[in-house]
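Visitor: Sharing query.cif (mmCIF, C-alpha atoms) below.
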```
data_entry
loop_
_atom_site.group_PDB
_atom_site.id
_atom_site.type_symbol
_atom_site.label_atom_id
_atom_site.label_comp_id
_atom_site.auth_asym_id
_atom_site.auth_seq_id
_atom_site.Cartn_x
_atom_site.Cartn_y
_atom_site.Cartn_z
ATOM 1 C CA MET A 107 3.602 6.981 2.600
ATOM 2 C CA LEU A 108 3.905 10.356 0.973
ATOM 3 C CA VAL A 109 2.441 11.324 -2.381
ATOM 4 C CA VAL A 110 3.245 14.420 -4.398
ATOM 5 C CA TYR A 111 0.595 15.078 -7.042
ATOM 6 C CA GLY A 112 1.664 16.375 -10.440
ATOM 7 C CA ASN A 113 -0.121 19.361 -11.967
ATOM 8 C CA GLY A 114 0.178 18.013 -15.517
ATOM 9 C CA ASP A 115 2.681 20.686 -16.523
ATOM 10 C CA GLY A 116 5.828 19.179 -15.030
ATOM 11 C CA ILE A 117 5.319 20.963 -11.706
ATOM 12 C CA PHE A 118 4.477 19.100 -8.532
ATOM 13 C CA GLY A 119 2.557 20.307 -5.487
ATOM 14 C CA GLY A 120 3.403 19.726 -1.862
ATOM 15 C CA SER A 121 3.592 16.257 -0.368
ATOM 16 C CA GLN A 122 0.643 14.651 1.399
ATOM 17 C CA GLN A 123 0.702 11.689 3.726
ATOM 18 C CA LEU A 124 -2.012 9.302 2.554
ATOM 19 C CA ILE A 125 -1.453 6.138 4.545
ATOM 20 C CA LEU A 126 0.501 5.455 7.729
ATOM 21 C CA GLN A 127 0.555 1.650 7.790
ATOM 22 C CA PHE A 128 3.359 1.307 5.227
ATOM 23 C CA SER A 129 5.871 3.337 7.280
ATOM 24 C CA THR A 130 8.695 2.329 9.592
ATOM 25 C CA ASN A 131 7.201 4.082 12.602
ATOM 26 C CA ASN A 132 3.640 2.878 12.018
ATOM 27 C CA GLY A 133 3.676 -0.715 10.901
ATOM 28 C CA GLY A 134 7.296 -1.701 11.406
ATOM 29 C CA TRP A 135 8.260 -1.672 7.730
ATOM 30 C CA ASN A 136 11.984 -2.008 7.122
ATOM 31 C CA ALA A 137 13.380 -1.187 3.671
ATOM 32 C CA THR A 138 16.108 -3.825 4.030
ATOM 33 C CA ARG A 139 13.508 -6.579 4.578
ATOM 34 C CA HIS A 140 10.143 -5.394 3.242
ATOM 35 C CA GLU A 141 9.734 -4.271 -0.343
ATOM 36 C CA ARG A 142 6.857 -1.960 -1.315
ATOM 37 C CA ASP A 143 5.510 -1.217 -4.782
ATOM 38 C CA VAL A 144 2.492 0.214 -6.599
ATOM 39 C CA ALA A 145 0.281 -1.358 -9.265
ATOM 40 C CA ASP A 146 -3.406 -1.619 -10.123
ATOM 41 C CA VAL A 147 -4.149 -5.061 -8.684
ATOM 42 C CA ASN A 148 -7.948 -4.947 -8.949
ATOM 43 C CA GLY A 149 -8.370 -3.317 -12.379
ATOM 44 C CA ASP A 150 -10.217 -0.188 -11.248
ATOM 45 C CA GLY A 151 -7.695 2.233 -12.786
ATOM 46 C CA PHE A 152 -6.229 3.395 -9.458
ATOM 47 C CA LEU A 153 -2.757 2.434 -8.264
ATOM 48 C CA ASP A 154 -2.769 0.210 -5.207
ATOM 49 C CA LEU A 155 0.003 -0.259 -2.652
ATOM 50 C CA VAL A 156 1.564 -3.700 -2.356
ATOM 51 C CA GLY A 157 3.940 -4.566 0.458
ATOM 52 C CA PHE A 158 5.909 -7.739 1.050
ATOM 53 C CA ARG A 159 6.014 -8.243 4.810
ATOM 54 C CA GLU A 160 7.606 -10.690 7.216
ATOM 55 C CA ASN A 161 4.927 -13.393 6.893
ATOM 56 C CA HIS A 162 2.502 -12.172 4.234
ATOM 57 C CA VAL A 163 1.780 -9.702 1.458
ATOM 58 C CA ASN A 164 -0.303 -6.590 2.167
ATOM 59 C CA VAL A 165 -2.400 -4.601 -0.289
ATOM 60 C CA ALA A 166 -4.032 -1.217 0.275
ATOM 61 C CA LEU A 167 -6.460 -0.466 -2.544
ATOM 62 C CA GLY A 168 -6.226 2.972 -4.097
ATOM 63 C CA THR A 169 -9.299 5.195 -4.233
ATOM 64 C CA GLY A 170 -7.955 8.061 -6.322
ATOM 65 C CA THR A 171 -7.750 10.304 -3.264
ATOM 66 C CA GLY A 172 -6.092 7.899 -0.812
ATOM 67 C CA PHE A 173 -5.884 4.248 0.105
ATOM 68 C CA GLY A 174 -8.113 1.788 1.937
ATOM 69 C CA ASP A 175 -7.198 -0.402 4.867
ATOM 70 C CA LEU A 176 -4.345 -2.876 4.664
ATOM 71 C CA LEU A 177 -5.489 -6.288 3.478
ATOM 72 C CA VAL A 178 -3.512 -9.460 4.115
ATOM 73 C CA THR A 179 -3.643 -11.244 0.782
ATOM 74 C CA GLN A 180 -1.069 -14.006 0.682
ATOM 75 C CA ASN A 181 1.460 -16.009 2.617
ATOM 76 C CA GLY A 182 4.531 -16.427 0.472
ATOM 77 C CA PHE A 183 6.634 -14.003 -1.538
ATOM 78 C CA ASP A 184 7.546 -12.660 1.910
ATOM 79 C CA TYR A 185 10.615 -12.665 4.148
ATOM 80 C CA ALA A 186 9.554 -15.854 5.936
ATOM 81 C CA GLY A 187 9.208 -17.533 2.532
ATOM 82 C CA GLY A 188 12.856 -16.858 1.787
ATOM 83 C CA TRP A 189 12.400 -13.746 -0.368
ATOM 84 C CA ARG A 190 15.120 -11.141 0.199
ATOM 85 C CA VAL A 191 15.104 -7.546 -1.037
ATOM 86 C CA ASP A 192 18.784 -7.608 -1.976
ATOM 87 C CA VAL A 193 18.698 -10.991 -3.785
ATOM 88 C CA HIS A 194 15.281 -11.705 -5.321
ATOM 89 C CA GLU A 195 13.208 -9.615 -7.683
ATOM 90 C CA ARG A 196 9.462 -9.203 -7.303
ATOM 91 C CA LYS A 197 7.632 -7.254 -9.990
ATOM 92 C CA LEU A 198 4.030 -6.250 -10.519
ATOM 93 C CA ALA A 199 2.802 -6.220 -14.112
ATOM 94 C CA ASP A 200 -0.183 -7.389 -16.143
ATOM 95 C CA VAL A 201 1.407 -10.518 -17.586
ATOM 96 C CA ASN A 202 -1.697 -12.141 -19.049
ATOM 97 C CA GLY A 203 -3.520 -9.039 -20.339
ATOM 98 C CA ASP A 204 -6.581 -9.338 -18.086
ATOM 99 C CA GLY A 205 -6.278 -5.774 -16.731
ATOM 100 C CA PHE A 206 -5.015 -6.861 -13.306
ATOM 101 C CA ALA A 207 -1.417 -6.566 -12.126
ATOM 102 C CA ASP A 208 0.168 -9.966 -11.584
ATOM 103 C CA LEU A 209 2.981 -10.815 -9.198
ATOM 104 C CA VAL A 210 6.142 -12.140 -10.826
ATOM 105 C CA GLY A 211 9.057 -13.311 -8.718
ATOM 106 C CA LEU A 212 12.568 -14.374 -9.681
ATOM 107 C CA LYS A 213 14.335 -16.465 -7.096
ATOM 108 C CA ALA A 214 17.592 -18.390 -7.279
ATOM 109 C CA PHE A 215 17.012 -22.100 -6.904
ATOM 110 C CA ARG A 216 19.958 -24.496 -7.120
ATOM 111 C CA ARG A 217 21.986 -21.982 -9.137
ATOM 112 C CA LYS A 218 19.140 -21.417 -11.584
ATOM 113 C CA PHE A 219 16.541 -18.692 -11.540
ATOM 114 C CA GLU A 220 13.008 -19.825 -10.987
ATOM 115 C CA SER A 221 10.233 -17.596 -12.253
ATOM 116 C CA VAL A 222 7.057 -17.687 -10.214
ATOM 117 C CA TRP A 223 3.927 -15.982 -11.482
ATOM 118 C CA PHE A 224 0.574 -15.525 -9.800
ATOM 119 C CA THR A 225 -2.487 -13.673 -10.982
ATOM 120 C CA TRP A 226 -4.140 -11.560 -8.318
ATOM 121 C CA ARG A 227 -7.447 -13.387 -8.728
ATOM 122 C CA ALA A 228 -5.735 -16.681 -7.890
ATOM 123 C CA PHE A 229 -3.413 -14.950 -5.443
ATOM 124 C CA CYS A 230 -5.982 -13.263 -3.234
ATOM 125 C CA GLY A 231 -9.435 -13.737 -4.722
ATOM 126 C CA SER A 232 -11.540 -10.753 -5.713
ATOM 127 C CA LEU A 233 -10.355 -7.592 -4.013
#
```
Using the file provided, produce a representation of the structure as structure tokens.
Guide:
Amino acid sequence: MLVVYGNGDGIFGGSQQLILQFSTNNGGWNATRHERDVADVNGDGFLDLVGFRENHVNVALGTGTGFGDLLVTQNGFDYAGGWRVDVHERKLADVNGDGFADLVGLKAFRRKFESVWFTWRAFCGSL
């Protein structure tokens, strides 16, 4: 994963590679199967990486200067659970106002959309 830091004046510096595990060559991520997003899942003010894998969801906690190790947080909301990048939406947002990003998924179910919502505390415990 590459990050380009902004200077605060509309100008960006050069790119830096901060974590390898979310890439195609190092981790087997495939953009047609595995969605990746950023959100503050643990409420520390730093953006964290969230990836929806084949059989689980990964999180790499942000430190402000990089990211920690990949954590396996959840089975479900993944490819094996029937979630498809081109069909189903998964969003990260603080739905309940507790300061932690929540996972919201919209999935077609018998011609109706089903909204599934999990808080990160219930989803993966304390990170």
Visitor: Quick one: apply the PyMOL selection byres ((chain A and resi 190) around 12) to the file and drop the selected residues here as a ChimeraX atom specification.
Guide: /A:136-141,158-160,182-189,191-196,211-214
Visitor: What's the 10 Å shell around Gly120 of chain A, counting only C-alpha atoms, without same-chain residues fewer than 2 positions away, as number ranges by chain?
Guide: A: 108-112, 118, 122
Visitor: Under the PyMOL selection byres ((chain A and resi 179) around 6), which residues of this model are included? Write them out as a list in words.
Guide: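 Against this file, the PyMOL selection byres ((chain A and resi 179) around 6) returns the residues Val163, Asn164, Leu177, Val178, Gln180 and Cys230 of chain A.
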Visitor: Would you pick out the contacts of Ile125 of chain A at 9 Å or less, using only C-alpha atoms, so that residues sharing its chain but fewer than 5 positions from it are not included, and give the list as a PDB file with C-alpha atoms, in the coordinates of the input?
Guide:
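Written file, part21.pdb:
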```pdb
ATOM      1  CA  MET A 107       3.602   6.981   2.600  1.00  0.00           C
ATOM      2  CA  LEU A 108       3.905  10.356   0.973  1.00  0.00           C
ATOM      3  CA  ALA A 166      -4.032  -1.217   0.275  1.00  0.00           C
ATOM      4  CA  GLY A 172      -6.092   7.899  -0.812  1.00  0.00           C
ATOM      5  CA  PHE A 173      -5.884   4.248   0.105  1.00  0.00           C
ATOM      6  CA  GLY A 174      -8.113   1.788   1.937  1.00  0.00           C
ATOM      7  CA  ASP A 175      -7.198  -0.402   4.867  1.00  0.00           C
TER       8      ASP A 175
END
```
Visitor: Expanded to explicit residues, what is the PyMOL selection byres ((chain A and resi 151) around 12) for this file, as a PyMOL selection string?
Guide: chain A and resi 145-150+152-154+167-170+205-207
Visitor: Rounded to one decimal, what separation in Å do you get between atom CA of Gly134 of chain A and atom CA of Ser121 of chain A?
Guide: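 Answer for the atom CA of Gly134 of chain A to atom CA of Ser121 of chain A separation: 21.8 Å.
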Visitor: Would you work out the distance separating atom CA of Asp200 of chain A from atom CA of Gly116 of chain A, expressed in Å to one decimal?
Guide: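 Distance between the two atoms: 27.3 Å.
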Visitor: What is the distance, in Å and to one decimal place, between atom CA of Gln127 of chain A and atom CA of Leu176 of chain A?
Guide: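 Here the two named atoms are 7.4 Å from each other.
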Visitor: Calculated over only C-alpha atoms, which of the candidates A:Asn161, A:Val156, A:Thr171, A:Asn113 has the smallest distance to Asp208 of chain A?
Guide: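 Distance minimum relative to Asp208 of chain A lands on A:Val156.
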Visitor: Given the choices A:Ile117, A:His162, A:Thr130, A:Gly157, which gets closest to Arg142 of chain A if the distance is worked out from only C-alpha atoms?
Guide: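 For Arg142 of chain A, the nearest of the candidates is A:Gly157.
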Visitor: Just add N, CA and C atoms to segment 108-133 of chain A and send it as a PDB file, in the frame of the given file.
Guide:
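Result written to selection17.pdb:
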```
ATOM      1  N   LEU A 108       4.146   9.011   1.479  1.00  0.00           N
ATOM      2  CA  LEU A 108       3.905  10.356   0.973  1.00  0.00           C
ATOM      3  C   LEU A 108       3.628  10.311  -0.518  1.00  0.00           C
ATOM      4  N   VAL A 109       2.743  11.173  -0.963  1.00  0.00           N
ATOM      5  CA  VAL A 109       2.441  11.324  -2.381  1.00  0.00           C
ATOM      6  C   VAL A 109       2.560  12.789  -2.727  1.00  0.00           C
ATOM      7  N   VAL A 110       3.169  13.062  -3.861  1.00  0.00           N
ATOM      8  CA  VAL A 110       3.245  14.420  -4.398  1.00  0.00           C
ATOM      9  C   VAL A 110       2.525  14.386  -5.735  1.00  0.00           C
ATOM     10  N   TYR A 111       1.395  15.088  -5.825  1.00  0.00           N
ATOM     11  CA  TYR A 111       0.595  15.078  -7.042  1.00  0.00           C
ATOM     12  C   TYR A 111       1.187  16.016  -8.087  1.00  0.00           C
ATOM     13  N   GLY A 112       1.219  15.536  -9.334  1.00  0.00           N
ATOM     14  CA  GLY A 112       1.664  16.375 -10.440  1.00  0.00           C
ATOM     15  C   GLY A 112       0.528  17.250 -10.939  1.00  0.00           C
ATOM     16  N   ASN A 113       0.876  18.426 -11.441  1.00  0.00           N
ATOM     17  CA  ASN A 113      -0.121  19.361 -11.967  1.00  0.00           C
ATOM     18  C   ASN A 113      -0.383  19.161 -13.454  1.00  0.00           C
ATOM     19  N   GLY A 114       0.351  18.251 -14.094  1.00  0.00           N
ATOM     20  CA  GLY A 114       0.178  18.013 -15.517  1.00  0.00           C
ATOM     21  C   GLY A 114       1.053  18.887 -16.382  1.00  0.00           C
ATOM     22  N   ASP A 115       1.803  19.791 -15.767  1.00  0.00           N
ATOM     23  CA  ASP A 115       2.681  20.686 -16.523  1.00  0.00           C
ATOM     24  C   ASP A 115       4.145  20.533 -16.126  1.00  0.00           C
ATOM     25  N   GLY A 116       4.463  19.415 -15.471  1.00  0.00           N
ATOM     26  CA  GLY A 116       5.828  19.179 -15.030  1.00  0.00           C
ATOM     27  C   GLY A 116       6.122  19.750 -13.656  1.00  0.00           C
ATOM     28  N   ILE A 117       5.153  20.385 -13.039  1.00  0.00           N
ATOM     29  CA  ILE A 117       5.319  20.963 -11.706  1.00  0.00           C
ATOM     30  C   ILE A 117       4.521  20.123 -10.716  1.00  0.00           C
ATOM     31  N   PHE A 118       5.104  19.911  -9.551  1.00  0.00           N
ATOM     32  CA  PHE A 118       4.477  19.100  -8.532  1.00  0.00           C
ATOM     33  C   PHE A 118       4.092  19.962  -7.346  1.00  0.00           C
ATOM     34  N   GLY A 119       3.001  19.608  -6.688  1.00  0.00           N
ATOM     35  CA  GLY A 119       2.557  20.307  -5.487  1.00  0.00           C
ATOM     36  C   GLY A 119       3.308  19.812  -4.270  1.00  0.00           C
ATOM     37  N   GLY A 120       2.806  20.171  -3.107  1.00  0.00           N
ATOM     38  CA  GLY A 120       3.403  19.726  -1.862  1.00  0.00           C
ATOM     39  C   GLY A 120       3.059  18.276  -1.574  1.00  0.00           C
ATOM     40  N   SER A 121       3.818  17.658  -0.694  1.00  0.00           N
ATOM     41  CA  SER A 121       3.592  16.257  -0.368  1.00  0.00           C
ATOM     42  C   SER A 121       2.433  16.122   0.615  1.00  0.00           C
ATOM     43  N   GLN A 122       1.739  14.984   0.492  1.00  0.00           N
ATOM     44  CA  GLN A 122       0.643  14.651   1.399  1.00  0.00           C
ATOM     45  C   GLN A 122       0.846  13.232   1.904  1.00  0.00           C
ATOM     46  N   GLN A 123       0.623  13.037   3.175  1.00  0.00           N
ATOM     47  CA  GLN A 123       0.702  11.689   3.726  1.00  0.00           C
ATOM     48  C   GLN A 123      -0.674  11.054   3.583  1.00  0.00           C
ATOM     49  N   LEU A 124      -0.731   9.925   2.854  1.00  0.00           N
ATOM     50  CA  LEU A 124      -2.012   9.302   2.554  1.00  0.00           C
ATOM     51  C   LEU A 124      -2.294   8.047   3.355  1.00  0.00           C
ATOM     52  N   ILE A 125      -1.245   7.366   3.777  1.00  0.00           N
ATOM     53  CA  ILE A 125      -1.453   6.138   4.545  1.00  0.00           C
ATOM     54  C   ILE A 125      -0.268   5.958   5.492  1.00  0.00           C
ATOM     55  N   LEU A 126      -0.557   5.600   6.728  1.00  0.00           N
ATOM     56  CA  LEU A 126       0.501   5.455   7.729  1.00  0.00           C
ATOM     57  C   LEU A 126       1.027   4.030   7.831  1.00  0.00           C
ATOM     58  N   GLN A 127       0.214   3.041   7.505  1.00  0.00           N
ATOM     59  CA  GLN A 127       0.555   1.650   7.790  1.00  0.00           C
ATOM     60  C   GLN A 127       1.750   1.114   7.018  1.00  0.00           C
ATOM     61  N   PHE A 128       2.220   1.793   5.997  1.00  0.00           N
ATOM     62  CA  PHE A 128       3.359   1.307   5.227  1.00  0.00           C
ATOM     63  C   PHE A 128       4.664   1.976   5.670  1.00  0.00           C
ATOM     64  N   SER A 129       4.682   2.612   6.833  1.00  0.00           N
ATOM     65  CA  SER A 129       5.871   3.337   7.280  1.00  0.00           C
ATOM     66  C   SER A 129       6.635   2.549   8.348  1.00  0.00           C
ATOM     67  N   THR A 130       7.857   2.965   8.578  1.00  0.00           N
ATOM     68  CA  THR A 130       8.695   2.329   9.592  1.00  0.00           C
ATOM     69  C   THR A 130       8.115   2.540  10.983  1.00  0.00           C
ATOM     70  N   ASN A 131       7.691   3.758  11.267  1.00  0.00           N
ATOM     71  CA  ASN A 131       7.201   4.082  12.602  1.00  0.00           C
ATOM     72  C   ASN A 131       5.790   3.580  12.870  1.00  0.00           C
ATOM     73  N   ASN A 132       5.013   3.341  11.833  1.00  0.00           N
ATOM     74  CA  ASN A 132       3.640   2.878  12.018  1.00  0.00           C
ATOM     75  C   ASN A 132       3.434   1.645  11.145  1.00  0.00           C
ATOM     76  N   GLY A 133       3.819   0.525  11.650  1.00  0.00           N
ATOM     77  CA  GLY A 133       3.676  -0.715  10.901  1.00  0.00           C
ATOM     78  C   GLY A 133       4.940  -1.548  10.891  1.00  0.00           C
TER      79      GLY A 133
END
```
